[in-house]
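Q: So I've got this file, structure.cif, and it contains mmCIF, C-alpha atoms:
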```cif
data_query
#
loop_
_atom_site.label_atom_id
_atom_site.label_comp_id
_atom_site.auth_asym_id
_atom_site.auth_seq_id
_atom_site.Cartn_x
_atom_site.Cartn_y
_atom_site.Cartn_z
CA MET A 18 132.93 133.21 48.20
CA ILE A 19 136.28 133.78 49.86
CA LYS A 20 135.67 136.55 52.37
CA PRO A 21 132.65 134.90 54.05
CA LEU A 22 134.80 131.87 54.91
CA ILE A 23 137.42 134.07 56.62
CA GLN A 24 134.65 135.85 58.50
CA TRP A 25 133.16 132.52 59.51
CA VAL A 26 136.50 131.44 60.98
CA GLU A 27 136.90 134.73 62.84
CA GLN A 28 133.35 135.00 64.09
CA SER A 29 133.55 132.51 66.94
CA GLN A 30 136.51 134.38 68.43
CA LEU A 31 135.18 137.94 68.27
CA ARG A 32 134.56 139.56 71.65
CA THR A 33 131.34 141.42 72.17
CA ASP A 34 131.59 141.90 75.92
CA LEU A 35 133.96 144.89 75.84
CA PRO A 36 132.64 148.48 75.92
CA PRO A 37 133.29 150.78 72.94
CA LEU A 38 136.72 152.40 73.27
CA PRO A 39 136.64 155.79 71.51
CA VAL A 40 139.93 157.52 70.72
CA GLY A 41 140.79 160.06 73.42
CA ALA A 42 139.14 158.10 76.22
CA GLU A 43 141.06 157.22 79.35
CA VAL A 44 140.75 153.48 79.88
CA ARG A 45 141.92 150.87 82.37
CA VAL A 46 142.87 147.58 80.67
CA ASN A 47 143.05 144.55 82.95
CA TYR A 48 145.40 142.18 81.18
CA ARG A 49 146.13 138.58 82.16
CA ILE A 50 149.82 137.84 82.58
CA ARG A 51 151.34 134.39 82.97
CA GLU A 52 154.34 134.05 85.22
CA GLY A 53 155.39 130.41 84.97
CA GLU A 54 152.45 128.49 86.39
CA LYS A 55 150.69 131.42 88.01
CA GLU A 56 148.37 133.84 86.29
CA ARG A 57 147.76 137.35 87.54
CA ILE A 58 146.04 140.46 86.25
CA GLN A 59 147.97 143.61 85.47
CA ALA A 60 146.22 146.92 84.95
CA PHE A 61 147.35 149.44 82.35
CA GLN A 62 145.65 152.83 82.54
CA GLY A 63 146.07 155.51 79.93
CA VAL A 64 144.62 157.30 76.92
CA VAL A 65 143.52 155.47 73.76
CA ILE A 66 145.60 157.19 71.09
CA GLY A 67 144.64 155.05 68.12
CA LYS A 68 142.66 152.11 66.83
CA HIS A 69 143.90 149.93 64.00
CA GLY A 70 141.94 147.58 61.76
CA GLY A 71 138.20 147.45 61.33
CA PRO A 72 135.89 146.97 64.31
CA LYS A 73 134.57 143.68 62.95
CA SER A 74 138.02 142.29 62.20
CA LEU A 75 139.65 139.83 64.56
CA THR A 76 143.04 141.33 63.82
CA SER A 77 142.15 144.82 65.05
CA THR A 78 144.18 146.42 67.85
CA PHE A 79 144.17 149.58 69.97
CA THR A 80 147.04 151.57 71.47
CA VAL A 81 147.02 152.99 74.99
CA ARG A 82 149.51 155.66 76.12
CA LYS A 83 150.41 156.67 79.64
CA VAL A 84 153.22 158.70 81.19
CA THR A 85 155.10 156.98 84.02
CA GLN A 86 157.82 158.86 85.90
CA GLY A 87 158.27 161.23 83.01
CA PHE A 88 158.55 158.48 80.42
CA GLY A 89 155.80 157.92 77.90
CA VAL A 90 154.76 154.25 77.67
CA GLU A 91 152.60 152.95 74.84
CA ARG A 92 151.10 149.52 74.64
CA THR A 93 149.15 147.97 71.80
CA PHE A 94 146.52 145.37 72.70
CA PRO A 95 144.72 142.98 70.32
CA LEU A 96 141.10 144.05 70.70
CA HIS A 97 139.71 140.50 70.66
CA SER A 98 142.41 138.85 72.75
CA PRO A 99 141.15 136.47 75.45
CA SER A 100 144.02 137.76 77.62
CA ILE A 101 142.11 140.99 78.17
CA GLU A 102 140.18 140.31 81.37
CA SER A 103 138.14 143.51 81.19
CA VAL A 104 138.35 147.13 80.06
CA LYS A 105 136.89 150.04 82.00
CA VAL A 106 136.33 153.44 80.43
CA VAL A 107 137.39 155.96 83.10
CA ARG A 108 136.42 159.11 81.17
CA LEU A 109 135.73 160.15 77.61
CA GLY A 110 137.88 162.74 75.88
CA ARG A 111 136.98 165.46 73.40
CA VAL A 112 139.39 165.11 70.47
CA ARG A 113 139.34 166.03 66.78
CA ARG A 114 141.77 163.40 65.46
CA ALA A 115 141.52 159.66 64.85
CA LYS A 116 145.15 159.16 65.90
CA LEU A 117 146.51 161.19 68.81
CA TYR A 118 150.17 160.81 67.89
CA TYR A 119 150.71 164.53 68.58
CA LEU A 120 150.58 163.69 72.31
CA ARG A 121 154.06 162.16 71.95
CA ASN A 122 155.57 165.60 71.37
CA LEU A 123 153.70 167.26 74.23
CA SER A 124 154.22 167.05 77.97
CA GLY A 125 152.77 168.41 81.17
CA LYS A 126 149.71 170.65 80.94
CA LYS A 127 149.82 170.69 77.12
CA ALA A 128 149.25 166.93 76.99
CA ARG A 129 145.87 167.11 78.68
CA ILE A 130 142.69 166.13 76.84
CA ARG A 131 139.42 167.96 77.45
CA GLU A 132 136.69 165.77 78.87
CA LYS A 133 133.69 165.05 76.73
CA LYS A 134 130.60 166.11 78.64
CA ASN A 135 127.00 165.04 77.92
CA ALA A 136 128.10 162.02 75.93
CA MET B 10 145.40 106.55 53.92
CA LEU B 11 145.95 109.19 51.26
CA GLN B 12 149.19 111.16 51.74
CA GLY B 13 148.01 114.48 50.36
CA MET B 14 145.07 116.46 49.04
CA LEU B 15 144.18 119.33 46.75
CA GLY B 16 142.64 122.52 48.06
CA ARG B 17 142.06 126.22 47.61
CA LYS B 18 143.79 129.00 49.51
CA ILE B 19 141.20 131.22 51.16
CA GLY B 20 143.35 133.82 52.91
CA MET B 21 145.06 134.71 56.14
CA THR B 22 143.77 135.67 59.56
CA GLN B 23 144.78 134.93 63.14
CA ILE B 24 143.55 132.80 66.02
CA PHE B 25 144.15 132.92 69.76
CA ASN B 26 145.30 129.72 71.46
CA GLU B 27 144.53 128.54 75.03
CA SER B 28 147.33 130.59 76.56
CA GLY B 29 146.05 133.74 74.80
CA GLU B 30 148.83 133.90 72.22
CA CYS B 31 147.96 135.23 68.81
CA ILE B 32 148.87 132.83 65.98
CA PRO B 33 148.91 133.85 62.30
CA VAL B 34 147.12 131.22 60.20
CA THR B 35 146.22 130.61 56.58
CA VAL B 36 142.73 129.29 55.89
CA VAL B 37 142.75 126.54 53.24
CA GLU B 38 139.66 124.82 51.87
CA VAL B 39 140.75 121.22 51.34
CA GLY B 40 138.98 118.44 49.48
CA PRO B 41 136.89 116.36 49.27
CA VAL B 42 138.62 114.39 46.52
CA THR B 43 137.58 111.20 44.73
CA VAL B 44 139.83 108.45 43.46
CA VAL B 45 139.84 108.46 39.64
CA GLN B 46 142.61 105.99 38.82
CA ILE B 47 144.88 103.60 40.70
CA LYS B 48 148.38 103.16 39.30
CA THR B 49 149.92 99.79 40.06
CA LEU B 50 153.45 98.39 39.89
CA GLU B 51 152.50 95.79 37.26
CA LYS B 52 150.74 98.15 34.86
CA ASP B 53 152.40 101.55 35.39
CA GLY B 54 155.73 100.69 37.02
CA TYR B 55 154.97 102.59 40.24
CA GLU B 56 152.27 102.78 42.88
CA SER B 57 150.11 105.85 43.21
CA VAL B 58 146.53 107.07 43.37
CA GLN B 59 145.12 109.73 41.06
CA VAL B 60 142.45 111.87 42.68
CA GLY B 61 140.09 114.49 41.28
CA TYR B 62 139.11 117.78 42.93
CA GLN B 63 136.18 120.15 42.21
CA PRO B 64 133.44 118.37 40.20
CA ILE B 65 132.47 119.65 36.75
CA THR B 66 128.70 119.89 36.36
CA LYS B 67 128.36 120.92 32.71
CA GLU B 68 129.07 118.21 30.18
CA LYS B 69 130.30 120.68 27.54
CA HIS B 70 133.27 121.51 29.75
CA ILE B 71 134.69 117.98 29.43
CA THR B 72 136.61 117.02 26.31
CA LYS B 73 135.95 113.65 24.65
CA PRO B 74 139.27 112.11 25.78
CA MET B 75 138.60 113.20 29.36
CA GLN B 76 135.08 111.74 29.23
CA GLY B 77 136.73 108.39 28.60
CA HIS B 78 139.07 108.92 31.52
CA PHE B 79 136.15 109.68 33.84
CA LYS B 80 133.93 106.81 32.64
CA ASP B 81 133.74 105.22 36.14
CA THR B 82 133.64 108.38 38.24
CA ALA B 83 132.23 111.91 38.26
CA PRO B 84 134.34 114.33 36.17
CA THR B 85 136.46 116.84 38.06
CA ARG B 86 138.36 120.00 37.20
CA HIS B 87 141.75 119.08 38.69
CA LEU B 88 143.66 115.78 38.76
CA LYS B 89 146.69 114.97 40.88
CA GLU B 90 148.53 111.84 41.99
CA PHE B 91 149.34 111.12 45.63
CA LYS B 92 151.04 108.22 47.39
CA VAL B 93 149.14 105.74 49.55
CA HIS B 94 150.71 103.40 52.12
CA ASP B 95 148.47 100.42 51.32
CA LEU B 96 147.05 100.31 47.79
CA SER B 97 144.71 97.40 48.55
CA GLN B 98 142.48 99.59 50.73
CA VAL B 99 141.69 102.07 47.96
CA GLN B 100 139.03 101.66 45.26
CA VAL B 101 138.16 103.80 42.26
CA GLY B 102 135.32 106.16 43.18
CA GLN B 103 136.28 106.23 46.84
CA SER B 104 136.18 109.67 48.38
CA PHE B 105 138.53 111.24 50.95
CA ASP B 106 138.06 114.38 52.99
CA LEU B 107 140.32 116.44 55.19
CA THR B 108 140.01 114.08 58.16
CA ILE B 109 143.20 112.42 56.86
CA PHE B 110 144.93 115.37 58.57
CA SER B 111 145.06 115.88 62.31
CA GLU B 112 145.70 118.88 64.52
CA GLY B 113 149.33 119.48 65.41
CA GLU B 114 150.58 117.56 62.36
CA LYS B 115 153.37 119.01 60.18
CA VAL B 116 152.55 119.29 56.46
CA GLN B 117 154.01 120.64 53.22
CA VAL B 118 152.08 123.05 51.03
CA ARG B 119 152.81 123.55 47.33
CA GLY B 120 151.42 126.34 45.19
CA LEU B 121 152.13 128.77 42.36
CA SER B 122 153.78 131.82 43.93
CA LYS B 123 152.58 135.33 43.12
CA GLY B 124 154.20 136.74 39.98
CA LYS B 125 156.52 139.68 40.63
CA GLY B 126 157.37 140.56 37.01
CA PHE B 127 160.86 141.57 35.84
CA GLN B 128 162.88 142.34 38.96
CA GLY B 129 166.40 143.55 39.67
CA VAL B 130 169.06 141.70 41.62
CA ILE B 131 168.26 143.28 44.99
CA LYS B 132 164.70 142.01 45.16
CA ARG B 133 165.33 138.84 43.13
CA HIS B 134 168.57 137.57 44.69
CA GLY B 135 169.02 139.66 47.82
CA PHE B 136 172.08 141.63 46.61
CA LYS B 137 173.19 144.39 48.96
CA GLY B 138 173.29 147.31 46.50
CA GLY B 139 175.30 150.47 47.06
CA PRO B 140 174.95 153.58 49.23
CA GLU B 141 171.93 155.75 48.44
CA SER B 142 173.73 159.06 48.90
CA HIS B 143 177.02 160.74 50.01
CA GLY B 144 178.12 161.14 46.40
CA SER B 145 177.57 157.47 45.55
CA ARG B 146 176.64 156.75 41.95
CA PHE B 147 176.16 153.01 42.50
CA HIS B 148 172.68 152.27 43.79
CA ARG B 149 170.82 149.11 42.72
CA SER B 150 172.92 147.82 39.78
CA PRO B 151 174.28 144.26 39.79
CA GLY B 152 177.93 145.39 39.49
CA SER B 153 180.59 143.30 37.79
CA ILE B 154 179.44 139.99 36.34
CA GLY B 155 182.85 138.40 35.76
CA ASN B 156 186.58 138.79 35.06
CA ARG B 157 188.42 139.79 31.82
CA THR B 158 189.93 137.96 28.84
CA PHE B 159 190.29 134.97 31.08
CA PRO B 160 187.76 133.35 31.28
CA GLY B 161 186.27 135.70 28.68
CA ARG B 162 182.69 134.66 29.36
CA VAL B 163 180.02 134.88 32.01
CA PHE B 164 179.64 131.69 33.99
CA PRO B 165 176.32 129.87 33.69
CA GLY B 166 174.02 130.41 36.64
CA LYS B 167 175.26 133.97 37.29
CA ARG B 168 172.53 135.72 39.25
CA MET B 169 171.11 138.54 37.16
CA PRO B 170 167.85 140.52 36.82
CA GLY B 171 164.90 138.73 35.29
CA HIS B 172 161.46 137.33 35.81
CA MET B 173 160.58 136.58 39.40
CA GLY B 174 157.74 134.64 41.01
CA ALA B 175 154.94 132.66 39.32
CA GLU B 176 156.79 129.39 39.94
CA MET B 177 155.87 126.32 41.96
CA VAL B 178 157.03 126.74 45.55
CA THR B 179 156.87 124.20 48.38
CA VAL B 180 156.86 125.33 51.99
CA ARG B 181 157.65 122.54 54.43
CA ASN B 182 157.19 121.97 58.14
CA LEU B 183 153.94 123.92 58.52
CA GLU B 184 151.84 123.05 61.55
CA ILE B 185 148.11 122.36 61.29
CA GLN B 186 146.42 124.43 63.97
CA LYS B 187 142.84 123.37 63.44
CA VAL B 188 140.77 120.98 61.32
CA ILE B 189 137.16 122.05 60.65
CA PRO B 190 135.46 119.11 58.87
CA GLU B 191 131.99 120.70 58.54
CA LYS B 192 133.34 123.45 56.26
CA ASN B 193 136.31 121.50 54.82
CA LEU B 194 138.72 124.06 56.26
CA LEU B 195 142.28 123.65 57.49
CA LEU B 196 143.99 126.37 59.53
CA ILE B 197 147.73 126.16 58.82
CA LYS B 198 150.22 128.19 60.84
CA GLY B 199 152.12 130.75 58.77
CA ALA B 200 151.97 131.84 55.15
CA ILE B 201 151.69 129.62 52.07
CA PRO B 202 152.48 130.38 48.41
CA SER B 203 149.88 131.52 45.83
CA HIS B 204 147.08 134.04 45.46
CA ASN B 205 143.91 133.83 47.51
CA GLY B 206 141.54 131.45 45.75
CA ALA B 207 144.30 129.57 43.92
CA LEU B 208 144.80 125.81 43.80
CA VAL B 209 147.24 124.45 46.39
CA GLU B 210 148.45 121.00 47.34
CA VAL B 211 148.65 119.98 51.02
CA ARG B 212 150.84 116.93 51.56
CA LYS B 213 152.20 114.90 54.44
CA PRO B 214 156.01 114.75 54.62
CA LYS B 215 157.63 111.77 52.92
CA THR B 216 159.09 110.34 56.12
CA PRO B 217 156.73 110.73 59.05
#
```
Turn this file's structure into structure tokens for me.
A:
Amino acid sequence: MIKPLIQWVEQSQLRTDLPPLPVGAEVRVNYRIREGEKERIQAFQGVVIGKHGGPKSLTSTFTVRKVTQGFGVERTFPLHSPSIESVKVVRLGRVRRAKLYYLRNLSGKKARIREKKNA
Amino acid sequence: MLQGMLGRKIGMTQIFNESGECIPVTVVEVGPVTVVQIKTLEKDGYESVQVGYQPITKEKHITKPMQGHFKDTAPTRHLKEFKVHDLSQVQVGQSFDLTIFSEGEKVQVRGLSKGKGFQGVIKRHGFKGGPESHGSRFHRSPGSIGNRTFPGRVFPGKRMPGHMGAEMVTVRNLEIQKVIPEKNLLLIKGAIPSHNGALVEVRKPKTP
């Protein structure tokens, strides 16, 4: 009798408008940022290297990694956050792991991910 | 208005507020409670209201003395006294629900904390402990517990290993994020003591 009540509380806040974000895909996350009074949208484009928490859980998150000027940058977004304006899947990747943490130790041509054709 | 209420801890989750921030909340099922007895200054020496929570449906679950106590109202599983500002507005049998609380209000929550068993001084009292390596042979022990012939005893209250948890704990200054009357649910910011499903007491602070 306990779990249904938690699910009932979470249900109204779950987002169903976002596309599926498979691990290995290159995505563009448009994230709302507040600067004082103003609100603007910042884009973060990179590879999904991991998803955390169940897909039906409000607390689930996903991590996106990109390399900027030689520095790896990782950002974790709450999957159901209203601050996410939209997410666009740029291309799907062919990977054999659920967590792509090995990308952190690779650079240059080694850090590429093969594209998944005929998805 | 009743100053507190009994409830059941459901568990934790999170909600997003208007500015998109993620807030950790505990879901608590609160009330409804019915007034079982009114304690007055003349008869009992103090003013208070005894309320009952969770009705008992089977008659065999009520002892004979408790049947007498519940002769004017429906029998309930839990009884607890709470303060009321004006006693004249309360009658026996009257029922209260969680609408006595409002969003943004600060409350106190009391519950039986999770039992941790027999624990050492590091977990139980926050002692520092010693180095783990580099030839150290002093790791998690309590160390010296006193002096020598003078005073020749260990002072009372010396913090030592022992049983931890499973005691009544009150957490104060918790903010109510949301009141959901149709399901009797309160969303309280932060963590509260006790297991999921256990009885807890949500109370308004003594001085508002």
Q: Which polymer residues have any atom within 9 Å of an atom of B:Val163, counting all atoms listed in the file, with same-chain residues fewer than 5 positions away left out, as an MDAnalysis selection string?
A: chainID B and resid 154:156
Q: Output the selection as an mmCIF file, keeping the file's coordinate frame - C-alpha atoms for each residue.
A:
```cif
data_model
loop_
_atom_site.group_PDB
_atom_site.id
_atom_site.type_symbol
_atom_site.label_atom_id
_atom_site.label_comp_id
_atom_site.auth_asym_id
_atom_site.auth_seq_id
_atom_site.Cartn_x
_atom_site.Cartn_y
_atom_site.Cartn_z
ATOM 1 C CA ILE B 154 179.440 139.990 36.340
ATOM 2 C CA GLY B 155 182.850 138.400 35.760
ATOM 3 C CA ASN B 156 186.580 138.790 35.060
#
```
Q: So that I can see what lies close to A:Val84, please list as a PyMOL selection string the residues with an atom at most 10 Å from it, counting only C-alpha atoms and leaving out residues fewer than 4 positions away in the same chain.
A: chain A and resi 62-64+88-91+121+124-125
Q: Please indicate the distance in Å from atom CA of A:Gly70 to atom CA of A:Ala115, rounded to one decimal place.
A: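 Result for atom CA of A:Gly70 versus atom CA of A:Ala115: 12.5 Å, one decimal.
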Q: Closest to B:Ala83 among B:Val99, B:Ile109, B:Val45, B:Leu194, using all atoms listed in the file?
A: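 Counting all atoms listed in the file, the residue closest to B:Ala83 is B:Val45.
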Q: From the list A:Gln86, A:Ser103, A:Gln30, A:Asn47, which residue is nearest chain B when using all atoms listed in the file?
A: A:Gln30
Q: Of the residues A:Asp34, A:Phe61, A:Val46, A:Thr78, which is the one nearest to chain B, using all atoms listed in the file?
A: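 Among the listed residues, A:Thr78 lies closest to chain B.
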Q: To one decimal place, how far is atom CA of B:Val209 from atom CA of B:His94 in Å?
A: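 For atom CA of B:Val209 relative to atom CA of B:His94, the distance reads 22.1 Å.
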Q: Check every residue of chain A for an atom within 8 Å of chain B, counting only C-alpha atoms, and provide those that qualify as a ChimeraX atom specification.
A: /A:19-20,22-23,27,30,75-76,98-100
Q: Using the selection just defined, write its residues with C-alpha atoms as a compact mmCIF listing (two decimals), keeping the file's coordinate frame.
A:
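Output below, filename again_3.txt:
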```txt
# COMPACT_ATOMS: atom_id res chain seq x y z
CA ILE A 19 136.28 133.78 49.86
CA LYS A 20 135.67 136.55 52.37
CA LEU A 22 134.80 131.87 54.91
CA ILE A 23 137.42 134.07 56.62
CA GLU A 27 136.90 134.73 62.84
CA GLN A 30 136.51 134.38 68.43
CA LEU A 75 139.65 139.83 64.56
CA THR A 76 143.04 141.33 63.82
CA SER A 98 142.41 138.85 72.75
CA PRO A 99 141.15 136.47 75.45
CA SER A 100 144.02 137.76 77.62
```
Q: What's around B:Gly126 at 12 Å? Count all atoms listed in the file, leave out sequence neighbours fewer than 5 positions away in its own chain, and write the answer as a list in words.
A: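 Residues meeting the cut-off are Lys132, Arg133, Pro170, Gly171, His172, Met173, Gly174, Ala175 and Glu176 of chain B.
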Q: I'd like the interatomic distance between atom CA of B:Lys123 and atom CA of B:His204, to a tenth of an Å.
A: 6.1 Å
Q: Can I get N, CA and C atoms for stretch 40-66 of chain B, as a tab-separated table (two decimals), in the first residue's frame?
A:
```tsv
chain	number	residue	atom	x	y	z
B	40	GLY	N	-3.62	11.68	9.29
B	40	GLY	CA	-5.02	11.73	9.67
B	40	GLY	C	-5.92	10.92	8.76
B	41	PRO	N	-7.25	11.05	8.84
B	41	PRO	CA	-7.97	11.90	9.77
B	41	PRO	C	-7.99	11.32	11.19
B	42	VAL	N	-8.14	12.18	12.18
B	42	VAL	CA	-8.21	11.74	13.57
B	42	VAL	C	-9.53	12.20	14.17
B	43	THR	N	-10.00	11.45	15.17
B	43	THR	CA	-11.23	11.83	15.86
B	43	THR	C	-10.93	12.10	17.33
B	44	VAL	N	-11.66	13.04	17.90
B	44	VAL	CA	-11.46	13.40	19.30
B	44	VAL	C	-12.10	12.32	20.17
B	45	VAL	N	-11.30	11.73	21.06
B	45	VAL	CA	-11.79	10.66	21.93
B	45	VAL	C	-12.08	11.20	23.33
B	46	GLN	N	-11.23	12.11	23.82
B	46	GLN	CA	-11.40	12.60	25.19
B	46	GLN	C	-10.88	14.02	25.25
B	47	ILE	N	-11.55	14.85	26.04
B	47	ILE	CA	-11.09	16.22	26.26
B	47	ILE	C	-10.65	16.35	27.70
B	48	LYS	N	-9.40	16.77	27.91
B	48	LYS	CA	-8.88	16.90	29.27
B	48	LYS	C	-8.98	18.37	29.68
B	49	THR	N	-9.62	18.60	30.80
B	49	THR	CA	-9.86	19.97	31.23
B	49	THR	C	-9.05	20.29	32.49
B	50	LEU	N	-8.92	21.61	32.75
B	50	LEU	CA	-8.15	22.09	33.89
B	50	LEU	C	-8.77	21.62	35.20
B	51	GLU	N	-10.13	21.63	35.27
B	51	GLU	CA	-10.80	21.27	36.52
B	51	GLU	C	-10.61	19.79	36.85
B	52	LYS	N	-10.77	18.95	35.82
B	52	LYS	CA	-10.79	17.51	36.07
B	52	LYS	C	-9.38	16.89	36.04
B	53	ASP	N	-8.55	17.31	35.08
B	53	ASP	CA	-7.26	16.65	34.87
B	53	ASP	C	-6.06	17.51	35.25
B	54	GLY	N	-6.29	18.80	35.51
B	54	GLY	CA	-5.18	19.66	35.90
B	54	GLY	C	-4.48	20.31	34.73
B	55	TYR	N	-4.82	19.93	33.50
B	55	TYR	CA	-4.23	20.58	32.33
B	55	TYR	C	-5.21	20.45	31.18
B	56	GLU	N	-4.97	21.26	30.13
B	56	GLU	CA	-5.90	21.27	29.00
B	56	GLU	C	-5.26	20.58	27.81
B	57	SER	N	-5.98	19.63	27.25
B	57	SER	CA	-5.47	18.89	26.11
B	57	SER	C	-6.61	18.12	25.45
B	58	VAL	N	-6.34	17.63	24.26
B	58	VAL	CA	-7.34	16.85	23.53
B	58	VAL	C	-6.72	15.54	23.11
B	59	GLN	N	-7.37	14.43	23.46
B	59	GLN	CA	-6.87	13.12	23.06
B	59	GLN	C	-7.56	12.70	21.78
B	60	VAL	N	-6.76	12.37	20.76
B	60	VAL	CA	-7.32	11.98	19.48
B	60	VAL	C	-6.93	10.54	19.16
B	61	GLY	N	-7.77	9.90	18.34
B	61	GLY	CA	-7.50	8.53	17.91
B	61	GLY	C	-7.24	8.50	16.42
B	62	TYR	N	-6.33	7.57	16.00
B	62	TYR	CA	-5.94	7.46	14.60
B	62	TYR	C	-6.03	6.00	14.20
B	63	GLN	N	-6.47	5.73	12.99
B	63	GLN	CA	-6.65	4.41	12.39
B	63	GLN	C	-7.72	3.59	13.12
B	64	PRO	N	-8.94	3.57	12.60
B	64	PRO	CA	-10.04	2.85	13.25
B	64	PRO	C	-9.79	1.34	13.30
B	65	ILE	N	-10.27	0.72	14.36
B	65	ILE	CA	-10.24	-0.74	14.49
B	65	ILE	C	-11.61	-1.25	14.07
B	66	THR	N	-11.65	-2.22	13.15
B	66	THR	CA	-12.94	-2.70	12.68
B	66	THR	C	-13.40	-3.94	13.44
```
